[in-house]
Amino acid sequence: MDHALRRRLIEALKSRSWESLDAERAAIRIEVLYALETGEWKVVLWTIAGGEGNLFLVARRANGPAVFDSPLEARARDVASALNEVEVDTSEPPDTR
């Protein structure tokens, strides 16, 4: 993940009412595992062994690597939609006017 994409991700999360520090922390976590691939980001429910709770994972595929996890579904959905948003922005051709 390059610096520009990371900044856009932070701004996208802040536009979803995240605090700046929370958005930056999430971007740092995501940056470590992020790889630009095809396919949309999704939220996948993962049940912790022993029935001790659930985590919501953000991944491209149900069995694929997750770049973010949260016990709060809304947070995971924010991250998935923000990643999809910034990747669409990245894939658009630059304005040459």
# chains A, B, ... in the order shown; residues from 1 in each chain; ligands from 1
call {"tool": "residues_around", "arguments": {"residues": "stretch 19-26 of chain A", "least_positions_apart": "3", "cutoff": "9 Å", "atoms": "only C-alpha atoms", "output": "list in words"}}
result
Arg6, Arg7, Leu9, Ile10, Glu11, Ala12, Leu13, Lys14, Arg29, Ile30, Glu31, Phe68 and Val79 of chain A
call {"tool": "write_last_selection", "arguments": {"atoms": "N, CA and C atoms", "output": "compact mmCIF listing (two decimals), in the first residue's frame"}}
result
# COMPACT_ATOMS: atom_id res chain seq x y z
N ARG A 6 -2.88 4.94 1.37
CA ARG A 6 -3.06 4.94 2.82
C ARG A 6 -3.78 6.20 3.28
N ARG A 7 -3.39 7.36 2.75
CA ARG A 7 -4.04 8.63 3.10
C ARG A 7 -5.51 8.62 2.69
N LEU A 9 -7.42 6.01 2.36
CA LEU A 9 -8.12 5.10 3.26
C LEU A 9 -8.45 5.81 4.58
N ILE A 10 -7.50 6.52 5.12
CA ILE A 10 -7.72 7.25 6.37
C ILE A 10 -8.85 8.27 6.19
N GLU A 11 -8.81 9.01 5.10
CA GLU A 11 -9.86 10.00 4.84
C GLU A 11 -11.22 9.34 4.66
N ALA A 12 -11.25 8.19 3.98
CA ALA A 12 -12.51 7.47 3.78
C ALA A 12 -13.08 7.00 5.11
N LEU A 13 -12.22 6.54 6.01
CA LEU A 13 -12.70 6.11 7.33
C LEU A 13 -13.17 7.31 8.16
N LYS A 14 -12.46 8.41 8.07
CA LYS A 14 -12.87 9.61 8.80
C LYS A 14 -14.21 10.12 8.28
N ARG A 29 -2.58 -1.12 10.52
CA ARG A 29 -2.83 -2.58 10.59
C ARG A 29 -3.06 -3.15 9.20
N ILE A 30 -3.85 -2.46 8.42
CA ILE A 30 -4.20 -2.94 7.08
C ILE A 30 -2.99 -2.91 6.16
N GLU A 31 -2.19 -1.87 6.26
CA GLU A 31 -1.03 -1.68 5.39
C GLU A 31 -0.08 -2.89 5.42
N PHE A 68 -8.09 -6.95 8.35
CA PHE A 68 -8.62 -6.22 9.50
C PHE A 68 -9.63 -7.13 10.20
N VAL A 79 -14.54 -0.52 7.12
CA VAL A 79 -13.22 -0.79 6.52
C VAL A 79 -13.39 -1.41 5.13
call {"tool": "residues_around", "arguments": {"residues": "A:Ala74", "least_positions_apart": "2", "cutoff": "12 Å", "atoms": "only C-alpha atoms", "output": "list in words"}}
result
Leu13, Arg16, Ser17, Trp18, Val43, Leu55, Phe56, Leu57, Val58, Asp69, Ser70, Pro71, Leu72, Ala76, Arg77, Asp78, Val79, Ala80 and Ser81 of chain A
call {"tool": "atom_distance", "arguments": {"atom1": "atom CA of A:Arg75", "atom2": "atom CA of A:Leu5"}}
result
19.2 Å
call {"tool": "closest_residue", "arguments": {"among": "A:Glu40, A:Glu73, A:Asp2, A:Glu85", "to": "A:Asn54", "atoms": "only C-alpha atoms"}}
result
A:Glu73
call {"tool": "atom_distance", "arguments": {"atom1": "atom CA of A:Arg61", "atom2": "atom CA of A:Ala49"}}
result
20.6 Å
call {"tool": "atom_distance", "arguments": {"atom1": "atom CA of A:Asp89", "atom2": "atom CA of A:Tyr34"}}
result
16.4 Å
call {"tool": "decode", "arguments": {"residues": "stretch 36-67 of chain A", "atoms": "N, CA and C atoms", "output": "PDB file, in the first residue's frame"}}
result
ATOM      1  N   LEU A  36      -2.895  -5.418  -3.442  1.00  0.00           N
ATOM      2  CA  LEU A  36      -3.857  -5.046  -4.468  1.00  0.00           C
ATOM      3  C   LEU A  36      -4.143  -6.264  -5.334  1.00  0.00           C
ATOM      4  N   GLU A  37      -5.374  -6.707  -5.305  1.00  0.00           N
ATOM      5  CA  GLU A  37      -5.818  -7.866  -6.078  1.00  0.00           C
ATOM      6  C   GLU A  37      -7.162  -7.529  -6.685  1.00  0.00           C
ATOM      7  N   THR A  38      -7.709  -8.476  -7.425  1.00  0.00           N
ATOM      8  CA  THR A  38      -9.057  -8.287  -7.936  1.00  0.00           C
ATOM      9  C   THR A  38     -10.057  -8.782  -6.920  1.00  0.00           C
ATOM     10  N   GLY A  39     -11.245  -8.275  -7.014  1.00  0.00           N
ATOM     11  CA  GLY A  39     -12.316  -8.694  -6.120  1.00  0.00           C
ATOM     12  C   GLY A  39     -12.587  -7.666  -5.049  1.00  0.00           C
ATOM     13  N   GLU A  40     -13.845  -7.611  -4.644  1.00  0.00           N
ATOM     14  CA  GLU A  40     -14.249  -6.666  -3.608  1.00  0.00           C
ATOM     15  C   GLU A  40     -13.905  -7.189  -2.224  1.00  0.00           C
ATOM     16  N   TRP A  41     -13.721  -6.261  -1.319  1.00  0.00           N
ATOM     17  CA  TRP A  41     -13.529  -6.603   0.083  1.00  0.00           C
ATOM     18  C   TRP A  41     -14.878  -6.929   0.691  1.00  0.00           C
ATOM     19  N   LYS A  42     -14.913  -7.941   1.540  1.00  0.00           N
ATOM     20  CA  LYS A  42     -16.138  -8.400   2.185  1.00  0.00           C
ATOM     21  C   LYS A  42     -15.909  -8.536   3.683  1.00  0.00           C
ATOM     22  N   VAL A  43     -17.023  -8.604   4.410  1.00  0.00           N
ATOM     23  CA  VAL A  43     -16.960  -8.879   5.845  1.00  0.00           C
ATOM     24  C   VAL A  43     -17.352 -10.332   6.055  1.00  0.00           C
ATOM     25  N   VAL A  44     -16.498 -11.056   6.746  1.00  0.00           N
ATOM     26  CA  VAL A  44     -16.700 -12.478   6.996  1.00  0.00           C
ATOM     27  C   VAL A  44     -16.799 -12.687   8.505  1.00  0.00           C
ATOM     28  N   LEU A  45     -17.833 -13.405   8.939  1.00  0.00           N
ATOM     29  CA  LEU A  45     -17.998 -13.699  10.360  1.00  0.00           C
ATOM     30  C   LEU A  45     -17.136 -14.894  10.725  1.00  0.00           C
ATOM     31  N   TRP A  46     -16.361 -14.764  11.782  1.00  0.00           N
ATOM     32  CA  TRP A  46     -15.510 -15.847  12.271  1.00  0.00           C
ATOM     33  C   TRP A  46     -15.870 -16.090  13.730  1.00  0.00           C
ATOM     34  N   THR A  47     -16.250 -17.299  14.046  1.00  0.00           N
ATOM     35  CA  THR A  47     -16.600 -17.661  15.414  1.00  0.00           C
ATOM     36  C   THR A  47     -15.362 -18.174  16.130  1.00  0.00           C
ATOM     37  N   ILE A  48     -15.085 -17.588  17.280  1.00  0.00           N
ATOM     38  CA  ILE A  48     -13.915 -17.979  18.068  1.00  0.00           C
ATOM     39  C   ILE A  48     -14.184 -19.348  18.691  1.00  0.00           C
ATOM     40  N   ALA A  49     -13.195 -20.222  18.639  1.00  0.00           N
ATOM     41  CA  ALA A  49     -13.324 -21.582  19.192  1.00  0.00           C
ATOM     42  C   ALA A  49     -13.776 -21.525  20.646  1.00  0.00           C
ATOM     43  N   GLY A  50     -14.617 -22.459  21.015  1.00  0.00           N
ATOM     44  CA  GLY A  50     -15.111 -22.511  22.381  1.00  0.00           C
ATOM     45  C   GLY A  50     -16.313 -21.613  22.613  1.00  0.00           C
ATOM     46  N   GLY A  51     -16.805 -20.987  21.542  1.00  0.00           N
ATOM     47  CA  GLY A  51     -17.982 -20.137  21.662  1.00  0.00           C
ATOM     48  C   GLY A  51     -17.758 -18.882  22.473  1.00  0.00           C
ATOM     49  N   GLU A  52     -16.526 -18.394  22.484  1.00  0.00           N
ATOM     50  CA  GLU A  52     -16.198 -17.216  23.285  1.00  0.00           C
ATOM     51  C   GLU A  52     -16.479 -15.896  22.584  1.00  0.00           C
ATOM     52  N   GLY A  53     -17.111 -15.947  21.440  1.00  0.00           N
ATOM     53  CA  GLY A  53     -17.446 -14.716  20.738  1.00  0.00           C
ATOM     54  C   GLY A  53     -17.198 -14.822  19.257  1.00  0.00           C
ATOM     55  N   ASN A  54     -17.376 -13.702  18.602  1.00  0.00           N
ATOM     56  CA  ASN A  54     -17.198 -13.618  17.155  1.00  0.00           C
ATOM     57  C   ASN A  54     -16.279 -12.454  16.809  1.00  0.00           C
ATOM     58  N   LEU A  55     -15.637 -12.579  15.672  1.00  0.00           N
ATOM     59  CA  LEU A  55     -14.893 -11.477  15.073  1.00  0.00           C
ATOM     60  C   LEU A  55     -15.407 -11.299  13.658  1.00  0.00           C
ATOM     61  N   PHE A  56     -15.417 -10.081  13.204  1.00  0.00           N
ATOM     62  CA  PHE A  56     -15.776  -9.784  11.832  1.00  0.00           C
ATOM     63  C   PHE A  56     -14.484  -9.452  11.091  1.00  0.00           C
ATOM     64  N   LEU A  57     -14.176 -10.262  10.092  1.00  0.00           N
ATOM     65  CA  LEU A  57     -12.939 -10.129   9.327  1.00  0.00           C
ATOM     66  C   LEU A  57     -13.212  -9.415   8.011  1.00  0.00           C
ATOM     67  N   VAL A  58     -12.241  -8.644   7.555  1.00  0.00           N
ATOM     68  CA  VAL A  58     -12.322  -8.007   6.242  1.00  0.00           C
ATOM     69  C   VAL A  58     -11.345  -8.732   5.337  1.00  0.00           C
ATOM     70  N   ALA A  59     -11.896  -9.367   4.302  1.00  0.00           N
ATOM     71  CA  ALA A  59     -11.092 -10.163   3.374  1.00  0.00           C
ATOM     72  C   ALA A  59     -11.761 -10.128   2.004  1.00  0.00           C
ATOM     73  N   ARG A  60     -11.017 -10.527   0.994  1.00  0.00           N
ATOM     74  CA  ARG A  60     -11.602 -10.592  -0.353  1.00  0.00           C
ATOM     75  C   ARG A  60     -12.408 -11.873  -0.556  1.00  0.00           C
ATOM     76  N   ARG A  61     -11.995 -12.937   0.123  1.00  0.00           N
ATOM     77  CA  ARG A  61     -12.662 -14.238  -0.003  1.00  0.00           C
ATOM     78  C   ARG A  61     -12.899 -14.798   1.395  1.00  0.00           C
ATOM     79  N   ALA A  62     -13.907 -15.663   1.506  1.00  0.00           N
ATOM     80  CA  ALA A  62     -14.248 -16.243   2.810  1.00  0.00           C
ATOM     81  C   ALA A  62     -13.055 -16.947   3.453  1.00  0.00           C
ATOM     82  N   ASN A  63     -12.252 -17.632   2.674  1.00  0.00           N
ATOM     83  CA  ASN A  63     -11.091 -18.342   3.217  1.00  0.00           C
ATOM     84  C   ASN A  63      -9.775 -17.627   2.925  1.00  0.00           C
ATOM     85  N   GLY A  64      -9.866 -16.396   2.480  1.00  0.00           N
ATOM     86  CA  GLY A  64      -8.656 -15.647   2.142  1.00  0.00           C
ATOM     87  C   GLY A  64      -8.087 -14.931   3.351  1.00  0.00           C
ATOM     88  N   PRO A  65      -6.918 -14.341   3.180  1.00  0.00           N
ATOM     89  CA  PRO A  65      -6.296 -13.615   4.288  1.00  0.00           C
ATOM     90  C   PRO A  65      -7.086 -12.352   4.634  1.00  0.00           C
ATOM     91  N   ALA A  66      -7.241 -12.090   5.915  1.00  0.00           N
ATOM     92  CA  ALA A  66      -7.941 -10.904   6.391  1.00  0.00           C
ATOM     93  C   ALA A  66      -6.929  -9.784   6.640  1.00  0.00           C
ATOM     94  N   VAL A  67      -7.333  -8.555   6.340  1.00  0.00           N
ATOM     95  CA  VAL A  67      -6.470  -7.401   6.591  1.00  0.00           C
ATOM     96  C   VAL A  67      -6.912  -6.621   7.824  1.00  0.00           C
TER      97      VAL A  67
END
